[in-house]
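Novice: My structure is stored as query-v6.pdb, with PDB, C-alpha atoms.
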ATOM      1  CA  MET A  14       0.000   0.000   0.000  1.00  0.00           C
ATOM      2  CA  ASN A  15       1.416   3.394  -0.892  1.00  0.00           C
ATOM      3  CA  LYS A  16       1.246   6.343   1.462  1.00  0.00           C
ATOM      4  CA  GLU A  17      -1.526   7.959  -0.571  1.00  0.00           C
ATOM      5  CA  GLU A  18      -3.889   4.992  -0.367  1.00  0.00           C
ATOM      6  CA  LYS A  19      -6.603   5.315   2.271  1.00  0.00           C
ATOM      7  CA  VAL A  20      -8.049   2.329   4.046  1.00  0.00           C
ATOM      8  CA  PHE A  21     -11.598   2.606   5.311  1.00  0.00           C
ATOM      9  CA  PRO A  22     -13.252   0.362   7.894  1.00  0.00           C
ATOM     10  CA  GLN A  23     -14.913  -2.661   6.326  1.00  0.00           C
ATOM     11  CA  TYR A  24     -17.732  -2.774   8.849  1.00  0.00           C
ATOM     12  CA  GLN A  25     -19.633  -5.353   6.798  1.00  0.00           C
ATOM     13  CA  ASP A  26     -16.986  -8.058   7.330  1.00  0.00           C
ATOM     14  CA  TYR A  27     -13.227  -7.572   7.815  1.00  0.00           C
ATOM     15  CA  CYS A  28     -13.275  -5.044  10.662  1.00  0.00           C
ATOM     16  CA  ILE A  29     -11.857  -5.315  14.173  1.00  0.00           C
ATOM     17  CA  GLY A  30     -15.286  -4.232  15.415  1.00  0.00           C
ATOM     18  CA  ASN A  31     -16.625  -7.608  14.250  1.00  0.00           C
ATOM     19  CA  LEU A  32     -14.054  -9.621  16.184  1.00  0.00           C
ATOM     20  CA  PRO A  33     -16.030 -10.151  19.430  1.00  0.00           C
ATOM     21  CA  GLN A  34     -19.039 -11.568  17.572  1.00  0.00           C
ATOM     22  CA  THR A  35     -16.709 -13.648  15.397  1.00  0.00           C
ATOM     23  CA  VAL A  36     -15.238 -15.240  18.531  1.00  0.00           C
ATOM     24  CA  PHE A  37     -18.784 -16.095  19.634  1.00  0.00           C
ATOM     25  CA  ALA A  38     -19.485 -17.644  16.225  1.00  0.00           C
ATOM     26  CA  LEU A  39     -16.267 -19.702  16.285  1.00  0.00           C
ATOM     27  CA  LEU A  40     -17.247 -21.031  19.720  1.00  0.00           C
ATOM     28  CA  ASN A  41     -20.708 -21.959  18.376  1.00  0.00           C
ATOM     29  CA  LEU A  42     -22.401 -19.401  20.617  1.00  0.00           C
ATOM     30  CA  PRO A  43     -25.256 -17.123  19.595  1.00  0.00           C
ATOM     31  CA  TYR A  44     -23.928 -14.054  17.811  1.00  0.00           C
ATOM     32  CA  SER A  45     -25.171 -11.084  15.874  1.00  0.00           C
ATOM     33  CA  GLN A  46     -24.031  -9.898  12.481  1.00  0.00           C
ATOM     34  CA  PRO A  47     -21.734  -8.771  11.081  1.00  0.00           C
ATOM     35  CA  ILE A  48     -18.819 -11.094  11.681  1.00  0.00           C
ATOM     36  CA  ILE A  49     -15.509 -11.738   9.964  1.00  0.00           C
ATOM     37  CA  PRO A  50     -16.390 -14.406   7.370  1.00  0.00           C
ATOM     38  CA  LEU A  51     -15.987 -17.823   8.941  1.00  0.00           C
ATOM     39  CA  SER A  52     -14.459 -19.021   5.669  1.00  0.00           C
ATOM     40  CA  SER A  53     -11.391 -16.981   6.746  1.00  0.00           C
ATOM     41  CA  PHE A  54     -10.725 -19.531   9.486  1.00  0.00           C
ATOM     42  CA  PRO A  55      -9.927 -23.251   9.339  1.00  0.00           C
ATOM     43  CA  GLN A  56     -13.194 -25.140   9.529  1.00  0.00           C
ATOM     44  CA  LYS A  57     -12.983 -27.025  12.814  1.00  0.00           C
ATOM     45  CA  LYS A  58     -14.417 -27.003  16.294  1.00  0.00           C
ATOM     46  CA  TYR A  59     -12.565 -24.494  18.447  1.00  0.00           C
ATOM     47  CA  ARG A  60     -11.808 -25.041  22.130  1.00  0.00           C
ATOM     48  CA  HIS A  61      -9.169 -22.309  22.482  1.00  0.00           C
ATOM     49  CA  ILE A  62      -9.029 -18.951  20.787  1.00  0.00           C
ATOM     50  CA  ILE A  63      -6.283 -16.448  21.361  1.00  0.00           C
ATOM     51  CA  VAL A  64      -6.617 -12.944  20.004  1.00  0.00           C
ATOM     52  CA  VAL A  65      -3.484 -10.832  20.008  1.00  0.00           C
ATOM     53  CA  LEU A  66      -3.820  -7.107  19.499  1.00  0.00           C
ATOM     54  CA  ILE A  67      -0.668  -5.101  18.999  1.00  0.00           C
ATOM     55  CA  ASP A  68      -1.707  -1.480  19.207  1.00  0.00           C
ATOM     56  CA  ALA A  69      -0.819   0.670  16.174  1.00  0.00           C
ATOM     57  CA  LEU A  70       0.663  -2.210  14.171  1.00  0.00           C
ATOM     58  CA  GLY A  71      -0.815  -2.003  10.698  1.00  0.00           C
ATOM     59  CA  PHE A  72      -0.864  -4.977   8.351  1.00  0.00           C
ATOM     60  CA  SER A  73       1.754  -3.392   6.071  1.00  0.00           C
ATOM     61  CA  SER A  74       4.153  -3.139   9.016  1.00  0.00           C
ATOM     62  CA  PHE A  75       3.283  -6.678  10.060  1.00  0.00           C
ATOM     63  CA  LYS A  76       4.168  -7.999   6.592  1.00  0.00           C
ATOM     64  CA  LYS A  77       7.404  -6.008   6.571  1.00  0.00           C
ATOM     65  CA  HIS A  78       8.458  -7.479   9.946  1.00  0.00           C
ATOM     66  CA  ARG A  79       6.753 -10.865   9.568  1.00  0.00           C
ATOM     67  CA  ARG A  80       9.818 -12.843  10.703  1.00  0.00           C
ATOM     68  CA  GLN A  81       9.620 -11.212  14.135  1.00  0.00           C
ATOM     69  CA  PHE A  82       6.109 -12.620  14.541  1.00  0.00           C
ATOM     70  CA  ARG A  83       6.884 -16.293  13.875  1.00  0.00           C
ATOM     71  CA  PHE A  84       5.557 -17.094  17.356  1.00  0.00           C
ATOM     72  CA  LEU A  85       2.132 -16.072  16.035  1.00  0.00           C
ATOM     73  CA  THR A  86       2.273 -17.345  12.479  1.00  0.00           C
ATOM     74  CA  SER A  87       3.859 -20.754  13.126  1.00  0.00           C
ATOM     75  CA  GLN A  88       0.989 -22.079  15.262  1.00  0.00           C
ATOM     76  CA  GLY A  89      -1.843 -19.781  14.303  1.00  0.00           C
ATOM     77  CA  MET A  90      -3.244 -17.700  11.535  1.00  0.00           C
ATOM     78  CA  VAL A  91      -3.185 -14.024  10.736  1.00  0.00           C
ATOM     79  CA  THR A  92      -6.124 -12.366   9.024  1.00  0.00           C
ATOM     80  CA  PRO A  93      -5.840  -8.771   7.870  1.00  0.00           C
ATOM     81  CA  ILE A  94      -8.702  -6.649   9.163  1.00  0.00           C
ATOM     82  CA  THR A  95      -9.418  -2.951   9.139  1.00  0.00           C
ATOM     83  CA  SER A  96      -9.688  -0.766  12.180  1.00  0.00           C
ATOM     84  CA  LEU A  97     -12.808   1.232  12.965  1.00  0.00           C
ATOM     85  CA  PHE A  98     -13.545   4.916  13.237  1.00  0.00           C
ATOM     86  CA  PRO A  99     -12.120   6.542  15.170  1.00  0.00           C
ATOM     87  CA  SER A 100      -9.119   4.239  15.116  1.00  0.00           C
ATOM     88  CA  THR A 101      -7.958   5.208  18.587  1.00  0.00           C
ATOM     89  CA  THR A 102      -6.778   2.783  21.263  1.00  0.00           C
ATOM     90  CA  ALA A 103      -9.664   3.725  23.555  1.00  0.00           C
ATOM     91  CA  ALA A 104     -12.290   3.179  20.854  1.00  0.00           C
ATOM     92  CA  VAL A 105     -10.857  -0.154  19.665  1.00  0.00           C
ATOM     93  CA  ILE A 106     -10.184  -1.669  23.101  1.00  0.00           C
ATOM     94  CA  THR A 107     -13.666  -0.690  24.291  1.00  0.00           C
ATOM     95  CA  THR A 108     -15.176  -2.199  21.136  1.00  0.00           C
ATOM     96  CA  LEU A 109     -13.260  -5.446  21.729  1.00  0.00           C
ATOM     97  CA  LYS A 110     -14.454  -5.585  25.336  1.00  0.00           C
ATOM     98  CA  THR A 111     -18.094  -4.799  24.576  1.00  0.00           C
ATOM     99  CA  GLY A 112     -18.716  -5.872  20.999  1.00  0.00           C
ATOM    100  CA  LEU A 113     -20.183  -2.411  20.391  1.00  0.00           C
ATOM    101  CA  LEU A 114     -18.944   0.119  17.856  1.00  0.00           C
ATOM    102  CA  PRO A 115     -17.820   3.523  19.179  1.00  0.00           C
ATOM    103  CA  LYS A 116     -21.093   5.193  18.161  1.00  0.00           C
ATOM    104  CA  LYS A 117     -22.816   2.824  20.628  1.00  0.00           C
ATOM    105  CA  HIS A 118     -20.301   2.720  23.502  1.00  0.00           C
ATOM    106  CA  GLY A 119     -19.229   6.385  23.297  1.00  0.00           C
ATOM    107  CA  LEU A 120     -15.548   6.063  24.260  1.00  0.00           C
ATOM    108  CA  PHE A 121     -13.675   7.692  21.420  1.00  0.00           C
ATOM    109  CA  GLU A 122     -10.452   8.966  22.942  1.00  0.00           C
ATOM    110  CA  TRP A 123      -7.778   8.425  25.545  1.00  0.00           C
ATOM    111  CA  THR A 124      -8.828  11.575  27.398  1.00  0.00           C
ATOM    112  CA  LEU A 125     -12.337  12.722  28.163  1.00  0.00           C
ATOM    113  CA  TYR A 126     -13.891  15.496  30.222  1.00  0.00           C
ATOM    114  CA  LEU A 127     -16.293  14.067  32.791  1.00  0.00           C
ATOM    115  CA  PRO A 128     -18.690  16.638  34.232  1.00  0.00           C
ATOM    116  CA  GLN A 129     -19.473  14.291  37.159  1.00  0.00           C
ATOM    117  CA  ILE A 130     -15.847  14.639  38.267  1.00  0.00           C
ATOM    118  CA  GLY A 131     -15.299  18.142  36.947  1.00  0.00           C
ATOM    119  CA  GLN A 132     -12.095  17.330  35.104  1.00  0.00           C
ATOM    120  CA  THR A 133     -10.476  15.500  32.235  1.00  0.00           C
ATOM    121  CA  ILE A 134      -9.541  11.865  32.771  1.00  0.00           C
ATOM    122  CA  LYS A 135      -7.638   9.144  30.930  1.00  0.00           C
ATOM    123  CA  THR A 136     -10.288   6.607  29.956  1.00  0.00           C
ATOM    124  CA  LEU A 137      -8.579   3.214  29.736  1.00  0.00           C
ATOM    125  CA  PRO A 138      -6.408   3.517  32.828  1.00  0.00           C
ATOM    126  CA  PHE A 139      -9.438   5.114  34.558  1.00  0.00           C
ATOM    127  CA  THR A 140      -7.384   7.824  36.189  1.00  0.00           C
ATOM    128  CA  TYR A 141      -6.983  11.579  36.325  1.00  0.00           C
ATOM    129  CA  GLU A 142      -5.362  13.240  33.329  1.00  0.00           C
ATOM    130  CA  LYS A 143      -2.164  14.119  35.213  1.00  0.00           C
ATOM    131  CA  SER A 144      -1.956  10.849  37.162  1.00  0.00           C
ATOM    132  CA  HIS A 145       0.214   7.863  36.255  1.00  0.00           C
ATOM    133  CA  GLN A 146      -1.605   5.489  38.618  1.00  0.00           C
ATOM    134  CA  SER A 147      -4.189   3.232  36.952  1.00  0.00           C
ATOM    135  CA  ASP A 148      -7.623   2.985  38.578  1.00  0.00           C
ATOM    136  CA  LYS A 149      -7.063   6.087  40.715  1.00  0.00           C
ATOM    137  CA  LEU A 150     -10.673   7.108  40.032  1.00  0.00           C
ATOM    138  CA  LEU A 151     -11.876   3.727  41.284  1.00  0.00           C
ATOM    139  CA  GLU A 152      -9.745   4.155  44.388  1.00  0.00           C
ATOM    140  CA  ASP A 153     -11.374   7.576  44.897  1.00  0.00           C
ATOM    141  CA  GLY A 154     -14.855   6.034  44.787  1.00  0.00           C
ATOM    142  CA  TYR A 155     -15.878   6.637  41.159  1.00  0.00           C
ATOM    143  CA  SER A 156     -17.572   3.851  39.239  1.00  0.00           C
ATOM    144  CA  PRO A 157     -16.419   2.786  35.760  1.00  0.00           C
ATOM    145  CA  ALA A 158     -20.128   2.996  34.877  1.00  0.00           C
ATOM    146  CA  LEU A 159     -19.467   6.736  34.471  1.00  0.00           C
ATOM    147  CA  LEU A 160     -17.668   5.789  31.264  1.00  0.00           C
ATOM    148  CA  LEU A 161     -19.400   2.621  30.201  1.00  0.00           C
ATOM    149  CA  ASN A 162     -22.604   1.201  31.539  1.00  0.00           C
ATOM    150  CA  LYS A 163     -22.962  -1.644  29.056  1.00  0.00           C
ATOM    151  CA  PRO A 164     -22.393  -5.390  29.382  1.00  0.00           C
ATOM    152  CA  THR A 165     -19.016  -6.740  28.290  1.00  0.00           C
ATOM    153  CA  ILE A 166     -18.206  -9.813  26.242  1.00  0.00           C
ATOM    154  CA  PHE A 167     -16.635 -11.219  29.402  1.00  0.00           C
ATOM    155  CA  GLN A 168     -20.035 -11.143  31.097  1.00  0.00           C
ATOM    156  CA  GLU A 169     -21.646 -12.753  28.050  1.00  0.00           C
ATOM    157  CA  LEU A 170     -19.038 -15.527  27.942  1.00  0.00           C
ATOM    158  CA  ALA A 171     -19.430 -16.133  31.688  1.00  0.00           C
ATOM    159  CA  LYS A 172     -23.154 -16.786  31.087  1.00  0.00           C
ATOM    160  CA  GLU A 173     -22.064 -19.572  28.719  1.00  0.00           C
ATOM    161  CA  ASP A 174     -19.566 -20.981  31.270  1.00  0.00           C
ATOM    162  CA  ILE A 175     -16.610 -20.145  29.055  1.00  0.00           C
ATOM    163  CA  PRO A 176     -13.547 -19.249  31.109  1.00  0.00           C
ATOM    164  CA  LEU A 177     -11.645 -16.244  29.888  1.00  0.00           C
ATOM    165  CA  SER A 178      -8.188 -14.975  30.620  1.00  0.00           C
ATOM    166  CA  LEU A 179      -7.424 -11.349  29.912  1.00  0.00           C
ATOM    167  CA  ILE A 180      -3.834 -10.247  29.958  1.00  0.00           C
ATOM    168  CA  HIS A 181      -2.737  -6.664  29.422  1.00  0.00           C
ATOM    169  CA  ILE A 182       0.911  -6.231  28.565  1.00  0.00           C
ATOM    170  CA  SER A 183       2.499  -2.810  28.653  1.00  0.00           C
ATOM    171  CA  GLU A 184       4.924  -1.582  26.050  1.00  0.00           C
ATOM    172  CA  PRO A 185       8.408  -1.412  27.620  1.00  0.00           C
ATOM    173  CA  THR A 186       8.869   2.232  26.653  1.00  0.00           C
ATOM    174  CA  ARG A 187       5.570   3.242  28.271  1.00  0.00           C
ATOM    175  CA  PRO A 188       5.163   0.925  31.258  1.00  0.00           C
ATOM    176  CA  LEU A 189       2.422   2.993  32.868  1.00  0.00           C
ATOM    177  CA  TYR A 190      -0.004   2.662  29.979  1.00  0.00           C
ATOM    178  CA  ILE A 191      -1.762  -0.293  28.449  1.00  0.00           C
ATOM    179  CA  SER A 192      -0.405  -0.442  24.933  1.00  0.00           C
ATOM    180  CA  TYR A 193      -1.457  -3.835  23.746  1.00  0.00           C
ATOM    181  CA  ALA A 194      -3.652  -6.596  25.018  1.00  0.00           C
ATOM    182  CA  VAL A 195      -3.923 -10.346  24.717  1.00  0.00           C
ATOM    183  CA  PHE A 196      -7.289 -12.026  25.111  1.00  0.00           C
ATOM    184  CA  CYS A 197      -7.136 -15.767  25.713  1.00  0.00           C
ATOM    185  CA  LEU A 198     -10.171 -18.016  25.846  1.00  0.00           C
ATOM    186  CA  LYS A 199      -9.516 -21.347  27.517  1.00  0.00           C
TER     187      LYS A 199
END
The structure in this file should be written as structure tokens.
Specialist:
Amino acid sequence: MNKEEKVFPQYQDYCIGNLPQTVFALLNLPYSQPIIPLSSFPQKKYRHIIVVLIDALGFSSFKKHRRQFRFLTSQGMVTPITSLFPSTTAAVITTLKTGLLPKKHGLFEWTLYLPQIGQTIKTLPFTYEKSHQSDKLLEDGYSPALLLNKPTIFQELAKEDIPLSLIHISEPTRPLYISYAVFCLK
């Protein structure tokens, strides 16, 4: 892809916003459309699904550095998908956790002014804008429902008795922030 070419979200199929429902479909659970086409995946019964999200790594960069990702490609598969709009970390991570697009969940950016608190906060670490301590707002008695009062895919999977491991790994150069996440279904 050249630098002039624009990539738009493919909401109808190959979009990261469709990943949560696709996981449900691969696990033979009820799901809603759209999903990433199941023909993109080996046709078998899945017991384990691991989704690896590396924040800000586009598919062009992935292809360029493919050898560094042998740990992913040797035992799994890689499917190129588009981001969503806005393609911010806060919007994408919240979409992955809820299965809702940003226009439904409302978390578009890393920072957000909350009138209930009277100041700007960092959304994903749920802390004050100037703080480097995650969950400081929770510690101060504020509920995450101020940001998101919707069910998560974790709650939906728990209803189906599907154990879920969620691991957040911080980028070494920014240890105080969540920069990529690994979701592992057992």
Novice: Once 5 Å is added on each side, what centre and edge lengths in Å to one decimal does the axis-aligned box around all listed atoms of stretch 89-95 of chain A have, as JSON?
Specialist:
{"center_x": -5.6, "center_y": -11.4, "center_z": 11.1, "size_x": 17.6, "size_y": 26.8, "size_z": 16.4}
Novice: Fewer than 5 positions away in the same chain doesn't count, so skip those; otherwise give me all residues within 12 Å of A:Glu169, counting only C-alpha atoms, as a PyMOL selection string.
Specialist: chain A and resi 33-34+36-37+42-44+110-112+163-164+174-177
Novice: Restricted to C-alpha atoms, what would the selected residues look like written as a PDB file, keeping the file's coordinate frame?
Specialist:
ATOM      1  CA  PRO A  33     -16.030 -10.151  19.430  1.00  0.00           C
ATOM      2  CA  GLN A  34     -19.039 -11.568  17.572  1.00  0.00           C
ATOM      3  CA  VAL A  36     -15.238 -15.240  18.531  1.00  0.00           C
ATOM      4  CA  PHE A  37     -18.784 -16.095  19.634  1.00  0.00           C
ATOM      5  CA  LEU A  42     -22.401 -19.401  20.617  1.00  0.00           C
ATOM      6  CA  PRO A  43     -25.256 -17.123  19.595  1.00  0.00           C
ATOM      7  CA  TYR A  44     -23.928 -14.054  17.811  1.00  0.00           C
ATOM      8  CA  LYS A 110     -14.454  -5.585  25.336  1.00  0.00           C
ATOM      9  CA  THR A 111     -18.094  -4.799  24.576  1.00  0.00           C
ATOM     10  CA  GLY A 112     -18.716  -5.872  20.999  1.00  0.00           C
ATOM     11  CA  LYS A 163     -22.962  -1.644  29.056  1.00  0.00           C
ATOM     12  CA  PRO A 164     -22.393  -5.390  29.382  1.00  0.00           C
ATOM     13  CA  ASP A 174     -19.566 -20.981  31.270  1.00  0.00           C
ATOM     14  CA  ILE A 175     -16.610 -20.145  29.055  1.00  0.00           C
ATOM     15  CA  PRO A 176     -13.547 -19.249  31.109  1.00  0.00           C
ATOM     16  CA  LEU A 177     -11.645 -16.244  29.888  1.00  0.00           C
TER      17      LEU A 177
END
Novice: Excluding A:Leu114 and its own-chain neighbours fewer than 3 positions away, which residues fall within 8 Å of it when counting all atoms listed in the file? Please give them as a PyMOL selection string.
Specialist: chain A and resi 30+97+104+108+117-118
Novice: Now that the selection is made, can you save its residues with C-alpha atoms as a PDB file, in the frame of the given file?
Specialist:
ATOM      1  CA  GLY A  30     -15.286  -4.232  15.415  1.00  0.00           C
ATOM      2  CA  LEU A  97     -12.808   1.232  12.965  1.00  0.00           C
ATOM      3  CA  ALA A 104     -12.290   3.179  20.854  1.00  0.00           C
ATOM      4  CA  THR A 108     -15.176  -2.199  21.136  1.00  0.00           C
ATOM      5  CA  LYS A 117     -22.816   2.824  20.628  1.00  0.00           C
ATOM      6  CA  HIS A 118     -20.301   2.720  23.502  1.00  0.00           C
TER       7      HIS A 118
END
Novice: Quick one: pull the distance between atom CA of A:Val91 and atom CA of A:Gln23, Å, one decimal.
Specialist: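 It comes out at 16.9 Å.
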Novice: Counting all atoms listed in the file, what is within 7 Å of stretch 130-137 of chain A, bar same-chain residues fewer than 6 positions away, as a list in words?
Specialist: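 The contact residues come out as Ala103, Trp123 and Thr124 of chain A.
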Novice: Can I get the selection written as a PDB file, in the coordinates of the input, with C-alpha atoms?
Specialist:
ATOM      1  CA  ALA A 103      -9.664   3.725  23.555  1.00  0.00           C
ATOM      2  CA  TRP A 123      -7.778   8.425  25.545  1.00  0.00           C
ATOM      3  CA  THR A 124      -8.828  11.575  27.398  1.00  0.00           C
TER       4      THR A 124
END
Novice: Would you please work out which residue, of A:Pro55, A:Arg80, A:Thr102, A:Gln146, is nearest to A:Pro115 when using all atoms listed in the file?
Specialist: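 The closest residue to A:Pro115 is A:Thr102.
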Novice: At what distance in Å, to one decimal, does atom CA of A:Phe54 lie from atom CA of A:Phe84?
Specialist: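 Separation between atom CA of A:Phe84 and atom CA of A:Phe54: 18.2 Å.
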Novice: Hey, what's within 9 Å of A:Thr35 if we count all atoms listed in the file and toss same-chain stuff fewer than 6 positions away? As a ChimeraX atom specification, please?
Specialist: /A:44-51
Novice: Of the candidates A:Pro93, A:Val65, A:Arg79, A:Ile106, which one gets nearest to A:Pro22 if we count only C-alpha atoms?
Specialist: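 Counting only C-alpha atoms, the residue closest to A:Pro22 is A:Pro93.
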Novice: As an exercise, work out the distance from atom CA of A:Tyr141 to atom CA of A:Ile29 in Å and give it to one decimal place.
Specialist: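 Interatomic distance, atom CA of A:Tyr141 to atom CA of A:Ile29: 28.3 Å.
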Novice: So which residues fall inside 10 Å of (-11.5, 3.1, 36.8) if we count all atoms listed in the file? Mind giving them as a ChimeraX atom specification?
Specialist: /A:134-141,147-160
Novice: Please write the residues from the selection above to a file, keeping C-alpha atoms, as a PDB file, keeping the file's coordinate frame.
Specialist:
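Output file again.pdb follows:
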ATOM      1  CA  ILE A 134      -9.541  11.865  32.771  1.00  0.00           C
ATOM      2  CA  LYS A 135      -7.638   9.144  30.930  1.00  0.00           C
ATOM      3  CA  THR A 136     -10.288   6.607  29.956  1.00  0.00           C
ATOM      4  CA  LEU A 137      -8.579   3.214  29.736  1.00  0.00           C
ATOM      5  CA  PRO A 138      -6.408   3.517  32.828  1.00  0.00           C
ATOM      6  CA  PHE A 139      -9.438   5.114  34.558  1.00  0.00           C
ATOM      7  CA  THR A 140      -7.384   7.824  36.189  1.00  0.00           C
ATOM      8  CA  TYR A 141      -6.983  11.579  36.325  1.00  0.00           C
ATOM      9  CA  SER A 147      -4.189   3.232  36.952  1.00  0.00           C
ATOM     10  CA  ASP A 148      -7.623   2.985  38.578  1.00  0.00           C
ATOM     11  CA  LYS A 149      -7.063   6.087  40.715  1.00  0.00           C
ATOM     12  CA  LEU A 150     -10.673   7.108  40.032  1.00  0.00           C
ATOM     13  CA  LEU A 151     -11.876   3.727  41.284  1.00  0.00           C
ATOM     14  CA  GLU A 152      -9.745   4.155  44.388  1.00  0.00           C
ATOM     15  CA  ASP A 153     -11.374   7.576  44.897  1.00  0.00           C
ATOM     16  CA  GLY A 154     -14.855   6.034  44.787  1.00  0.00           C
ATOM     17  CA  TYR A 155     -15.878   6.637  41.159  1.00  0.00           C
ATOM     18  CA  SER A 156     -17.572   3.851  39.239  1.00  0.00           C
ATOM     19  CA  PRO A 157     -16.419   2.786  35.760  1.00  0.00           C
ATOM     20  CA  ALA A 158     -20.128   2.996  34.877  1.00  0.00           C
ATOM     21  CA  LEU A 159     -19.467   6.736  34.471  1.00  0.00           C
ATOM     22  CA  LEU A 160     -17.668   5.789  31.264  1.00  0.00           C
TER      23      LEU A 160
END
Novice: Which residue is closest to A:Leu40? Choose from A:Phe75, A:Ser53, A:Val20, A:His61 and count only C-alpha atoms.
Specialist: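 Of the candidates, the smallest distance to A:Leu40 is held by A:His61.
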Novice: Measuring atom to atom with all atoms listed in the file, identify which of A:Asn41, A:Val105, A:Lys19, A:Met90 is nearest to A:Glu173.
Specialist: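 Of A:Asn41, A:Val105, A:Lys19, A:Met90, the one nearest A:Glu173 is A:Asn41, counting all atoms listed in the file.
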